[in-house]
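Enquirer: Below: one structure in structure tokens.
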Amino acid sequence: MPTTIDIPPTQTRLLPYVLQLADTSLMLAHRLSEWCGHGPALEQDIALTNIALDLLGEARHYFQYAAALEGKGRTEDDLAYLRTATEYRNPLLVEQPNGDFAVTVVRQFLFDTFHYHFLQQLQHCADPTLAAIAEKSGKEAAYHLRWSSEWVIRLGDGTDESHRRIARALDLLWPYADELTTPTALERQLHHEGRIPDVQALRPALRAHHERVLTEATLPLPQEVWPQQGGKEGRHSEHLGYILAELQYLQRTYPGLTW
Amino acid sequence: MPTTIDIPPTQTRLLPYVLQLADTSLMLAHRLSEWCGHGPALEQDIALTNIALDLLGEARHYFQYAAALEGKGRTEDDLAYLRTATEYRNPLLVEQPNGDFAVTVVRQFLFDTFHYHFLQQLQHCADPTLAAIAEKSGKEAAYHLRWSSEWVIRLGDGTDESHRRIARALDLLWPYADELTTPTALERQLHHEGRIPDVQALRPALRAHHERVLTEATLPLPQEVWPQQGGKEGRHSEHLGYILAELQYLQRTYPGLTW
Amino acid sequence: MSSTPSEHQFQARIDADQRIEPKDWMPEDYRKTLIRQMSQHAHSEIVGMLPEGNWITRAPTLKRKSILLAKVQDEAGHGLYLYSAAETLGASRDDLLADLHAGKAKYSSIFNYPTLSWADIGAIGWLVDGAAILNQVPLCRTSYGPYARAMVRVCKEESFHQRQGFEIMQTLCNGSAEQKAMAQDALNRWWWPTLMMFGPRDDESAHTARSMQWRIKRFTNDELRQKFVDMMVPQAEFLGLTIPDEALRWNEATRHYDFGEVDWDEFWNVVQGRGPCNRERLDARVQAHEAGAWVREAALAHAAKRKARQTPTEQMV
Amino acid sequence: MSSTPSEHQFQARIDADQRIEPKDWMPEDYRKTLIRQMSQHAHSEIVGMLPEGNWITRAPTLKRKSILLAKVQDEAGHGLYLYSAAETLGASRDDLLADLHAGKAKYSSIFNYPTLSWADIGAIGWLVDGAAILNQVPLCRTSYGPYARAMVRVCKEESFHQRQGFEIMQTLCNGSAEQKAMAQDALNRWWWPTLMMFGPRDDESAHTARSMQWRIKRFTNDELRQKFVDMMVPQAEFLGLTIPDEALRWNEATRHYDFGEVDWDEFWNVVQGRGPCNRERLDARVQAHEAGAWVREAALAHAAKRKARQTPTEQMV
């Protein structure tokens, strides 16, 4: 694989990074929204939709900022709806299918643990727009993290079946966790310029939280695995193409209209 | 519901009818192709794909003829890929999801019983192109009908589980059978002009075949039900939109290119 | 039929527009009727999430996606309020759901129609929520307290939904020719089913008389249907859309719109389970319920474990 | 190691390029090796249906849809031939599949990579089938008769597939800038995994020596890999695409292309189950097999019922 050449500091654009943040929250919101009307009970339907709405709101802030940074008069929707698969920069984790409720809970748990700690750091970044988004969304992420952590515990220390399912979900999704805290060349460069947090430095805090929750959930901490990566660099799984086919359908079929 | 006003004979265009035939075979071929790599055994994977290929070939002939009839220089792909849901004229049956293998077999059986008998008649129609397509596809339809009829019998008179599944499939899909032999205003008009067969007149032959096969399959002939209709008039089920999102994605995303 | 002193006193309270609360005495039929109506209403909210939920992943802008997601979530919330209100009468949500899933309970049959385009989302907000509001606003003054209070909360959110639906229609009607055609096609498909939401004609409606006596129902089916048509015609004109009813015309004498006859065959077929999506709607709910059984069991098991781990003092809290 | 008279005679036949047929005596290791290789080959065909099958519903034209469907169907057919050929050696398809589904059997790890664009379909036909052909053409002269004959049929169809893949790439490269970029991106992702198809380096390859002695294998891994690179470079140049290998250059002395080192970490990780799609591929096969169990049981039950209904005379036929 050819490596990305380091971009001199004066030229590192924040735009692709903001798109990465936007895509991440958008894709997860989109996945969660697929549960609407199909949850295990009304209370979980509502909870999942709440998280989806929060993430969608966060994504919209990033997209609006990205459109401003781009400075070409494009809108949040142009960016969200009109790129092709290799141009999306969400990590692989958030495009994974919902699976059963345990898979959704684990995906959320792994994401929230990262997202909460990340936003805590991003609140202090030099860019005032990102800092403001991070502050608002950080409060929401705290609730999400509590919700998903509680459900990991509830399912891990529930019945034999729920334990089996969530253990399987953990096994399934653990390979996707690392990518969240593995900086891309762009992230390394932006951090080097002092503009964004060091995601790798979040690992001890994440690990501590994982261990605490998994222990209480009577689940083993998954072993080290070969991490699956590439989403943040546009190399996705086969799932993204299908997400985009639905997401983009109306914009592609009726280009340039107002809805 | 407003009724369609009868169109004077000199103005009834064959084009929408040929599109109806094309859409019907295309949608069923598309559904069958979803089984590829997921069949109960290699032999069935191959059989389902054979049927899909035959129907796709038949659809292409109709689309090519439709493009010629339209006379605007459009291609089979323009017609197949670039219309919106209300413009497709396949009956509801063929867009129903594959379900389990029993649902697929019943959908095929109901379709093949109609399709075979219909093509036998269409071979004698005045339009030489349609007659030629019907002759070629009629031979294939004979094989399809044998395959699906044998499988109805095999599953109906197999195990308790297969019997239960195919009885359920019959119950699920029977409401969609009638539409095949219920002429639309366009079909009535074209038949009145002597240009296409009377699909309603096929009912006794279809019923006889259904009865023979279902009896041998130890399955009860389903009771009369309120028929579900509208596909041939562009009023589809919720399934078609999702089929089109996948089918049309590349053509919509990259308009006007060669593949 | 002579009434007992309790029934007499009960009816007097109703007539005085007083609220009946959970702990009050009430005729068994009143309780049963309310449970049936509230649970049907709850079921309708839940099943109603499905046709609209069908377009969340394909919502054409982030703003519309957000609004639709919030709307469907509100409907889940309405379901919760209404099941809770039904439970104040001694019903259990589990039993009510079991009846729904077994096909024994009704829900508003409007939701047995398919959503075939984005314009359907506009049409549902504009027409279906519009009709629901007409049904529900009077219920804000219904005799049973928990039901009335639930209805106040529901109506507040539903009028917001209706405006959003109308706004979608407006955007489409001001858009391209294709968007306008999409809006007209949606109106063509949703108009008559919405009129069916008001139920059978008064002279064919079994429950109406007594429901009105008990102020569970405050207007008749035909009264509401007429009110709805009168309200919608100017709105359709404003949008530049044509209501698919050739018999529709202003009646100067009655000061109402005359309109055509509902297709009662279609009405009864859909109510009795033979509509375009009845099976799909029920299957989706049953599937969600069954697929979620292990989750609900786990939650209970965990809660029990937690309680068992508490000290006796903690358990007393 | 001294050989028995049978082994000696067997090797003599091999050396004389004579075919070994099912009824012939053969060393147990030869039988085992062949079963392993043929079944791996069959598994590869079946699993290989999945990455390509992933684009059937999104094929951009009716013609491409048709061609792709036929290609994937051919692969199913190849699987059938190869399982049948393995069965001539006493293996049972059910046991072979059980091993595959339990994760105990290997299949070509190229299929553990995702197909992310339509151009991947072109790249797979061009590169992956191209590599497969290089592996398979020599096998048309392999010592075991049924395997050789299966390979003849497979090769005929596979060369057709490869031309179609190349044709897709050509169309894209002659298309819009986006199409060309799509093709280059696909090449970037499929090039190195295709080189990995030829297996580990010769000095790390356990089975090679003996497989070559038995003419189950006719060229070494490195020989084939080199042949493949030499073949592909001009084809990539013809397409106007850049092979993603900075070390690639013509070596005038050896008259071959020098090329970079395969990422052996990635190779071993993918072979050992940690590639991008290993789990998805296996899950899809297991799911299809389990979901189809009742169908296979029904077919057997029906066949048994049919047989039982025959008269004794009919049964003797």
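By convention here, the chains of the structure tokens are called A, B, ... in the order presented, each chain's residues are numbered starting at 1, and ligands are numbered starting at 1 in the order presented.
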Please find the residues of chain C near chain B - the criterion being any atom within 7 Å, counting only C-alpha atoms - and write them as a PyMOL selection string.
Expert: chain C and resi 114-116+274+276
Enquirer: Output N, CA and C atoms for every residue in the selection just made, as a PDB file, in the first residue's frame.
Expert:
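To be explicit, this is the file written out as again_17.pdb:
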```
ATOM      1  N   PRO C 114     -49.378   1.491   1.657  1.00  0.00           N
ATOM      2  CA  PRO C 114     -47.929   1.614   1.482  1.00  0.00           C
ATOM      3  C   PRO C 114     -47.486   3.058   1.234  1.00  0.00           C
ATOM      4  N   THR C 115     -46.291   3.383   1.686  1.00  0.00           N
ATOM      5  CA  THR C 115     -45.696   4.688   1.351  1.00  0.00           C
ATOM      6  C   THR C 115     -44.778   4.467   0.159  1.00  0.00           C
ATOM      7  N   LEU C 116     -45.151   5.045  -0.955  1.00  0.00           N
ATOM      8  CA  LEU C 116     -44.484   4.732  -2.219  1.00  0.00           C
ATOM      9  C   LEU C 116     -43.552   5.813  -2.730  1.00  0.00           C
ATOM     10  N   ARG C 274     -57.442  -7.308   4.684  1.00  0.00           N
ATOM     11  CA  ARG C 274     -57.084  -7.611   3.307  1.00  0.00           C
ATOM     12  C   ARG C 274     -56.589  -6.374   2.547  1.00  0.00           C
ATOM     13  N   PRO C 276     -53.447  -3.549   1.431  1.00  0.00           N
ATOM     14  CA  PRO C 276     -52.163  -3.790   0.771  1.00  0.00           C
ATOM     15  C   PRO C 276     -51.038  -4.194   1.730  1.00  0.00           C
TER      16      PRO C 276
END
```
Enquirer: How close does region 95-199 of chain D get to region 249-269 of chain D? List, as a tab-separated table, each residue of region 95-199 of chain D within 9 Å, its nearest atom pair and the distance in Å to one decimal, counting only C-alpha atoms.
Expert:
```
residue	atom	partner	partner_atom	distance
D:Ser109	CA	D:Phe267	CA	8.5
D:Trp192	CA	D:Val262	CA	6.7
D:Pro193	CA	D:Phe267	CA	7.8
D:Leu195	CA	D:Val262	CA	7.3
D:Met196	CA	D:Phe267	CA	6.5
D:Gly199	CA	D:Phe267	CA	8.5
```
Enquirer: Pick out the chain B residues within 12 Å of chain A. Count only C-alpha atoms. Give them as a ChimeraX atom specification.
Expert: /B:81-85,241-255
Enquirer: Please, could you write that set of residues out with C-alpha atoms as an mmCIF file, in the first residue's frame?
Expert:
```
data_model
loop_
_atom_site.group_PDB
_atom_site.id
_atom_site.type_symbol
_atom_site.label_atom_id
_atom_site.label_comp_id
_atom_site.auth_asym_id
_atom_site.auth_seq_id
_atom_site.Cartn_x
_atom_site.Cartn_y
_atom_site.Cartn_z
ATOM 1 C CA TYR B 81 -32.733 1.961 -15.314
ATOM 2 C CA LEU B 82 -34.084 5.471 -15.514
ATOM 3 C CA ARG B 83 -37.763 5.401 -14.725
ATOM 4 C CA THR B 84 -39.282 6.086 -11.316
ATOM 5 C CA ALA B 85 -41.352 3.674 -9.259
ATOM 6 C CA GLY B 241 -38.474 1.471 -4.108
ATOM 7 C CA TYR B 242 -35.678 -0.500 -2.482
ATOM 8 C CA ILE B 243 -35.155 -2.669 -5.567
ATOM 9 C CA LEU B 244 -34.785 0.477 -7.664
ATOM 10 C CA ALA B 245 -32.374 2.127 -5.206
ATOM 11 C CA GLU B 246 -29.927 -0.725 -5.839
ATOM 12 C CA LEU B 247 -30.739 -1.372 -9.478
ATOM 13 C CA GLN B 248 -30.439 2.247 -10.545
ATOM 14 C CA TYR B 249 -27.607 3.413 -8.304
ATOM 15 C CA LEU B 250 -24.767 3.521 -10.794
ATOM 16 C CA GLN B 251 -26.819 4.964 -13.625
ATOM 17 C CA ARG B 252 -28.166 7.658 -11.317
ATOM 18 C CA THR B 253 -24.779 8.456 -9.799
ATOM 19 C CA TYR B 254 -22.926 8.551 -13.107
ATOM 20 C CA PRO B 255 -25.492 9.618 -15.677
#
```
Enquirer: So, counting only C-alpha atoms, which residue among A:Ala47, A:Gly57, A:Thr184, A:Leu155 is closest to Gly234 (chain A)?
Expert: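 Among the listed residues, the smallest separation from Gly234 (chain A) belongs to A:Thr184.
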Enquirer: Would you list the contacts of Ala102 (chain A) as a PyMOL selection string, taking every protein, DNA or RNA residue within 12 Å and counting only C-alpha atoms, but skipping same-chain residues closer than 3 positions in sequence?
Expert: (chain A and resi 39-40+97-99+105-109+148-149+151-156+158+161-173) or (chain C and resi 291-292+294-295+298)
Enquirer: How would the residues just chosen look if you wrote them out with N, CA and C atoms as an mmCIF file, in the first residue's frame?
Expert:
```
data_model
loop_
_atom_site.group_PDB
_atom_site.id
_atom_site.type_symbol
_atom_site.label_atom_id
_atom_site.label_comp_id
_atom_site.auth_asym_id
_atom_site.auth_seq_id
_atom_site.Cartn_x
_atom_site.Cartn_y
_atom_site.Cartn_z
ATOM 1 N N GLY A 39 -37.598 -1.978 17.405
ATOM 2 C CA GLY A 39 -36.846 -2.214 18.625
ATOM 3 C C GLY A 39 -37.496 -3.266 19.515
ATOM 4 N N PRO A 40 -36.760 -3.755 20.506
ATOM 5 C CA PRO A 40 -37.277 -4.808 21.384
ATOM 6 C C PRO A 40 -38.464 -4.348 22.238
ATOM 7 N N PRO A 97 -23.544 -3.554 10.068
ATOM 8 C CA PRO A 97 -25.000 -3.707 10.204
ATOM 9 C C PRO A 97 -25.433 -3.809 11.667
ATOM 10 N N ASN A 98 -26.696 -3.481 11.882
ATOM 11 C CA ASN A 98 -27.251 -3.481 13.240
ATOM 12 C C ASN A 98 -27.242 -4.852 13.899
ATOM 13 N N GLY A 99 -27.354 -5.912 13.085
ATOM 14 C CA GLY A 99 -27.392 -7.247 13.668
ATOM 15 C C GLY A 99 -28.535 -7.357 14.659
ATOM 16 N N VAL A 105 -25.820 -2.695 20.579
ATOM 17 C CA VAL A 105 -25.347 -2.181 21.863
ATOM 18 C C VAL A 105 -23.822 -2.148 21.907
ATOM 19 N N VAL A 106 -23.188 -3.203 21.438
ATOM 20 C CA VAL A 106 -21.723 -3.236 21.465
ATOM 21 C C VAL A 106 -21.136 -2.185 20.534
ATOM 22 N N ARG A 107 -21.723 -2.076 19.346
ATOM 23 C CA ARG A 107 -21.231 -1.057 18.410
ATOM 24 C C ARG A 107 -21.332 0.325 19.067
ATOM 25 N N GLN A 108 -22.458 0.558 19.715
ATOM 26 C CA GLN A 108 -22.669 1.839 20.365
ATOM 27 C C GLN A 108 -21.682 2.044 21.510
ATOM 28 N N PHE A 109 -21.477 0.989 22.300
ATOM 29 C CA PHE A 109 -20.571 1.053 23.444
ATOM 30 C C PHE A 109 -19.146 1.377 23.007
ATOM 31 N N SER A 148 -25.274 3.019 26.692
ATOM 32 C CA SER A 148 -24.695 1.816 26.084
ATOM 33 C C SER A 148 -23.933 0.990 27.119
ATOM 34 N N SER A 149 -23.265 1.654 28.056
ATOM 35 C CA SER A 149 -22.547 0.908 29.095
ATOM 36 C C SER A 149 -23.533 0.116 29.944
ATOM 37 N N TRP A 151 -26.387 -1.015 29.095
ATOM 38 C CA TRP A 151 -26.935 -2.135 28.336
ATOM 39 C C TRP A 151 -25.923 -3.262 28.154
ATOM 40 N N VAL A 152 -24.650 -2.902 28.057
ATOM 41 C CA VAL A 152 -23.637 -3.965 27.992
ATOM 42 C C VAL A 152 -23.707 -4.780 29.283
ATOM 43 N N ILE A 153 -23.835 -4.080 30.391
ATOM 44 C CA ILE A 153 -23.901 -4.756 31.683
ATOM 45 C C ILE A 153 -25.188 -5.564 31.805
ATOM 46 N N ARG A 154 -26.282 -4.959 31.420
ATOM 47 C CA ARG A 154 -27.578 -5.614 31.508
ATOM 48 C C ARG A 154 -27.597 -6.903 30.676
ATOM 49 N N LEU A 155 -27.030 -6.852 29.489
ATOM 50 C CA LEU A 155 -27.049 -8.030 28.627
ATOM 51 C C LEU A 155 -25.958 -9.023 29.019
ATOM 52 N N GLY A 156 -24.810 -8.501 29.447
ATOM 53 C CA GLY A 156 -23.744 -9.420 29.855
ATOM 54 C C GLY A 156 -24.130 -10.167 31.121
ATOM 55 N N GLY A 158 -27.244 -10.731 32.330
ATOM 56 C CA GLY A 158 -28.692 -10.884 32.276
ATOM 57 C C GLY A 158 -29.050 -12.359 32.302
ATOM 58 N N GLU A 161 -28.690 -16.478 27.482
ATOM 59 C CA GLU A 161 -28.805 -16.120 26.073
ATOM 60 C C GLU A 161 -28.257 -14.728 25.807
ATOM 61 N N SER A 162 -28.617 -13.776 26.657
ATOM 62 C CA SER A 162 -28.127 -12.419 26.401
ATOM 63 C C SER A 162 -26.616 -12.369 26.554
ATOM 64 N N HIS A 163 -26.098 -13.130 27.485
ATOM 65 C CA HIS A 163 -24.649 -13.176 27.664
ATOM 66 C C HIS A 163 -23.963 -13.730 26.429
ATOM 67 N N ARG A 164 -24.533 -14.801 25.907
ATOM 68 C CA ARG A 164 -23.980 -15.431 24.714
ATOM 69 C C ARG A 164 -24.017 -14.447 23.538
ATOM 70 N N ARG A 165 -25.116 -13.765 23.397
ATOM 71 C CA ARG A 165 -25.265 -12.850 22.262
ATOM 72 C C ARG A 165 -24.308 -11.677 22.353
ATOM 73 N N ILE A 166 -24.155 -11.146 23.569
ATOM 74 C CA ILE A 166 -23.286 -9.970 23.645
ATOM 75 C C ILE A 166 -21.814 -10.369 23.590
ATOM 76 N N ALA A 167 -21.512 -11.566 24.053
ATOM 77 C CA ALA A 167 -20.132 -12.047 23.897
ATOM 78 C C ALA A 167 -19.810 -12.209 22.416
ATOM 79 N N ARG A 168 -20.768 -12.720 21.674
ATOM 80 C CA ARG A 168 -20.586 -12.899 20.235
ATOM 81 C C ARG A 168 -20.443 -11.547 19.541
ATOM 82 N N ALA A 169 -21.264 -10.592 19.990
ATOM 83 C CA ALA A 169 -21.211 -9.254 19.391
ATOM 84 C C ALA A 169 -19.847 -8.602 19.639
ATOM 85 N N LEU A 170 -19.350 -8.781 20.816
ATOM 86 C CA LEU A 170 -18.042 -8.223 21.168
ATOM 87 C C LEU A 170 -16.962 -8.834 20.279
ATOM 88 N N ASP A 171 -17.042 -10.123 20.112
ATOM 89 C CA ASP A 171 -16.094 -10.850 19.284
ATOM 90 C C ASP A 171 -16.165 -10.361 17.834
ATOM 91 N N LEU A 172 -17.372 -10.107 17.386
ATOM 92 C CA LEU A 172 -17.620 -9.671 16.016
ATOM 93 C C LEU A 172 -17.063 -8.272 15.762
ATOM 94 N N LEU A 173 -17.254 -7.361 16.722
ATOM 95 C CA LEU A 173 -16.960 -5.952 16.476
ATOM 96 C C LEU A 173 -15.622 -5.465 17.027
ATOM 97 N N ALA C 291 -38.213 -10.982 18.193
ATOM 98 C CA ALA C 291 -36.757 -10.822 18.152
ATOM 99 C C ALA C 291 -36.249 -10.127 19.404
ATOM 100 N N GLY C 292 -37.124 -9.372 20.047
ATOM 101 C CA GLY C 292 -36.718 -8.633 21.236
ATOM 102 C C GLY C 292 -36.991 -9.349 22.538
ATOM 103 N N TRP C 294 -35.641 -11.887 24.018
ATOM 104 C CA TRP C 294 -34.458 -12.182 24.840
ATOM 105 C C TRP C 294 -33.923 -10.919 25.501
ATOM 106 N N VAL C 295 -34.152 -9.765 24.857
ATOM 107 C CA VAL C 295 -33.676 -8.504 25.429
ATOM 108 C C VAL C 295 -34.507 -8.155 26.661
ATOM 109 N N ALA C 298 -33.677 -10.430 29.435
ATOM 110 C CA ALA C 298 -32.388 -10.098 30.039
ATOM 111 C C ALA C 298 -32.512 -8.903 30.973
#
```
Enquirer: Go ahead and compute the interatomic distance for CA of His124 (chain B) and CA of Ala205 (chain B), in Å to one decimal.
Expert: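 Spanning CA of His124 (chain B) to CA of Ala205 (chain B) is a straight-line distance of 17.4 Å.
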Enquirer: Just the residues within 12 Å of Ala59 (chain C), please, counting only C-alpha atoms, with nothing from its chain fewer than 4 positions along; format it as number ranges by chain.
Expert: A: 30, 33, 77, 80-81, 244, 246-251, 259; C: 52-55, 63-69, 117-122, 168
Enquirer: Identify, with DSSP run on backbone atoms, the residues in region 81-276 of chain D assigned to alpha helix (DSSP H), and express the list as a PyMOL selection string.
Expert: chain D and resi 81-87+93-101+118-123+129-139+145-173+177-196+208-213+221-239+264-269
Enquirer: Calculate how many Å separate CA of Ala131 (chain C) from CA of Glu158 (chain C), rounding to one decimal.
Expert: 10.4 Å
Enquirer: CA of Ile51 (chain A) and CA of Leu79 (chain A), how far apart in Å?
Expert: 22.0 Å
Enquirer: For Thr24 (chain B), list every protein, DNA or RNA residue within 7 Å, evaluated using only C-alpha atoms, and leave out those in the same chain fewer than 2 positions away; present the list as a ChimeraX atom specification.
Expert: /B:20-22,26-28,90-91,94
Enquirer: Please, could you write that set of residues out with all heavy atoms as a short mmCIF file (atom, residue, chain, number, x, y, z; two decimals), in the first residue's frame?
Expert:
```
data_model
loop_
_atom_site.label_atom_id
_atom_site.label_comp_id
_atom_site.auth_asym_id
_atom_site.auth_seq_id
_atom_site.Cartn_x
_atom_site.Cartn_y
_atom_site.Cartn_z
N GLN B 20 -44.54 -3.16 -19.83
CA GLN B 20 -45.11 -3.98 -18.77
C GLN B 20 -44.50 -5.38 -18.82
O GLN B 20 -44.10 -5.93 -17.79
CB GLN B 20 -46.62 -4.06 -18.94
CG GLN B 20 -47.31 -5.00 -17.96
CD GLN B 20 -48.79 -5.14 -18.25
OE1 GLN B 20 -49.49 -4.15 -18.45
NE2 GLN B 20 -49.29 -6.39 -18.25
N LEU B 21 -44.42 -5.95 -20.01
CA LEU B 21 -43.84 -7.29 -20.15
C LEU B 21 -42.37 -7.27 -19.74
O LEU B 21 -41.88 -8.18 -19.06
CB LEU B 21 -43.97 -7.77 -21.60
CG LEU B 21 -45.39 -7.91 -22.14
CD1 LEU B 21 -45.35 -8.42 -23.59
CD2 LEU B 21 -46.23 -8.86 -21.29
N ALA B 22 -41.68 -6.21 -20.18
CA ALA B 22 -40.26 -6.11 -19.87
C ALA B 22 -40.03 -5.99 -18.36
O ALA B 22 -39.18 -6.69 -17.79
CB ALA B 22 -39.66 -4.90 -20.58
N LEU B 26 -38.00 -8.49 -15.88
CA LEU B 26 -36.81 -7.91 -15.25
C LEU B 26 -36.87 -8.02 -13.73
O LEU B 26 -35.91 -8.45 -13.09
CB LEU B 26 -36.67 -6.43 -15.62
CG LEU B 26 -35.56 -5.68 -14.86
CD1 LEU B 26 -34.18 -6.23 -15.20
CD2 LEU B 26 -35.61 -4.18 -15.17
N MET B 27 -38.01 -7.65 -13.15
CA MET B 27 -38.11 -7.65 -11.70
C MET B 27 -37.97 -9.06 -11.12
O MET B 27 -37.31 -9.24 -10.09
CB MET B 27 -39.43 -7.04 -11.24
CG MET B 27 -39.47 -5.53 -11.36
SD MET B 27 -38.08 -4.77 -10.48
CE MET B 27 -37.91 -3.25 -11.45
N LEU B 28 -38.56 -10.01 -11.80
CA LEU B 28 -38.45 -11.38 -11.28
C LEU B 28 -37.02 -11.89 -11.44
O LEU B 28 -36.48 -12.52 -10.53
CB LEU B 28 -39.46 -12.31 -11.98
CG LEU B 28 -39.54 -13.71 -11.41
CD1 LEU B 28 -39.73 -13.71 -9.89
CD2 LEU B 28 -40.67 -14.50 -12.07
N ASN B 90 -44.66 -3.74 -13.69
CA ASN B 90 -44.72 -5.15 -13.34
C ASN B 90 -45.84 -5.38 -12.33
O ASN B 90 -46.12 -4.51 -11.50
CB ASN B 90 -43.40 -5.59 -12.72
CG ASN B 90 -43.03 -4.74 -11.51
OD1 ASN B 90 -42.54 -3.61 -11.65
ND2 ASN B 90 -43.30 -5.25 -10.31
N PRO B 91 -46.45 -6.55 -12.34
CA PRO B 91 -47.44 -6.88 -11.31
C PRO B 91 -46.76 -7.04 -9.95
O PRO B 91 -45.55 -7.25 -9.86
CB PRO B 91 -48.03 -8.21 -11.80
CG PRO B 91 -47.04 -8.78 -12.72
CD PRO B 91 -46.28 -7.64 -13.32
N VAL B 94 -44.15 -10.13 -8.66
CA VAL B 94 -42.74 -10.35 -8.97
C VAL B 94 -41.79 -9.45 -8.20
O VAL B 94 -40.57 -9.65 -8.25
CB VAL B 94 -42.46 -10.24 -10.49
CG1 VAL B 94 -43.25 -11.30 -11.24
CG2 VAL B 94 -42.78 -8.84 -11.01
#
```
Enquirer: I want to know what sits within 9 Å of region 211-226 of chain D, based on only C-alpha atoms, with residues of the same chain fewer than 2 positions away left out; could you give that as a PyMOL selection string?
Expert: chain D and resi 11+14-15+17+30+33-34+37+131+134-135+138-139+141-144+195-202+205+207-209+228-231+256-259
Enquirer: Save the residues we just selected, C-alpha atoms, as a short mmCIF file (atom, residue, chain, number, x, y, z; two decimals), in the first residue's frame?
Expert:
```cif
data_model
loop_
_atom_site.label_atom_id
_atom_site.label_comp_id
_atom_site.auth_asym_id
_atom_site.auth_seq_id
_atom_site.Cartn_x
_atom_site.Cartn_y
_atom_site.Cartn_z
CA GLN D 11 5.55 -42.86 -9.68
CA ILE D 14 3.26 -40.20 -13.18
CA ASP D 15 6.67 -39.71 -14.72
CA ASP D 17 2.55 -38.44 -17.82
CA TYR D 30 -1.61 -38.67 -2.88
CA THR D 33 -3.41 -34.24 -1.03
CA LEU D 34 -5.71 -34.35 -4.02
CA GLN D 37 -6.47 -29.45 -3.18
CA ALA D 131 -4.07 -15.57 -11.84
CA LEU D 134 -2.18 -19.45 -14.64
CA ASN D 135 -2.69 -21.84 -11.76
CA PRO D 138 -1.06 -26.50 -15.96
CA LEU D 139 -3.59 -28.50 -13.97
CA ARG D 141 -2.33 -31.89 -17.47
CA THR D 142 -2.31 -32.89 -13.84
CA SER D 143 -1.89 -36.53 -13.03
CA TYR D 144 -5.33 -37.24 -11.63
CA LEU D 195 -0.07 -11.71 -6.15
CA MET D 196 -0.78 -13.39 -2.81
CA MET D 197 -2.95 -15.91 -4.66
CA PHE D 198 0.19 -17.70 -5.75
CA GLY D 199 0.90 -18.57 -2.16
CA PRO D 200 3.95 -18.18 0.03
CA ARG D 201 7.43 -17.88 -1.38
CA ASP D 202 8.81 -21.18 -2.61
CA SER D 205 5.94 -23.45 0.90
CA HIS D 207 3.57 -28.80 0.00
CA THR D 208 5.31 -27.81 -3.17
CA ALA D 209 8.04 -30.37 -3.57
CA PHE D 228 1.65 -13.34 -13.86
CA VAL D 229 3.48 -10.06 -13.33
CA ASP D 230 5.14 -10.35 -16.73
CA MET D 231 1.75 -10.90 -18.32
CA HIS D 256 11.43 -10.41 -16.51
CA TYR D 257 9.87 -7.67 -14.44
CA ASP D 258 11.39 -7.15 -11.03
CA PHE D 259 8.69 -6.37 -8.52
#
```
Enquirer: Please identify all polymer residues within 10 Å of Phe160 (chain D), counting only C-alpha atoms, omitting same-chain residues fewer than 5 positions from it, and present them as an MDAnalysis selection string.
Expert: chainID D and resid 71 125 129 155 165
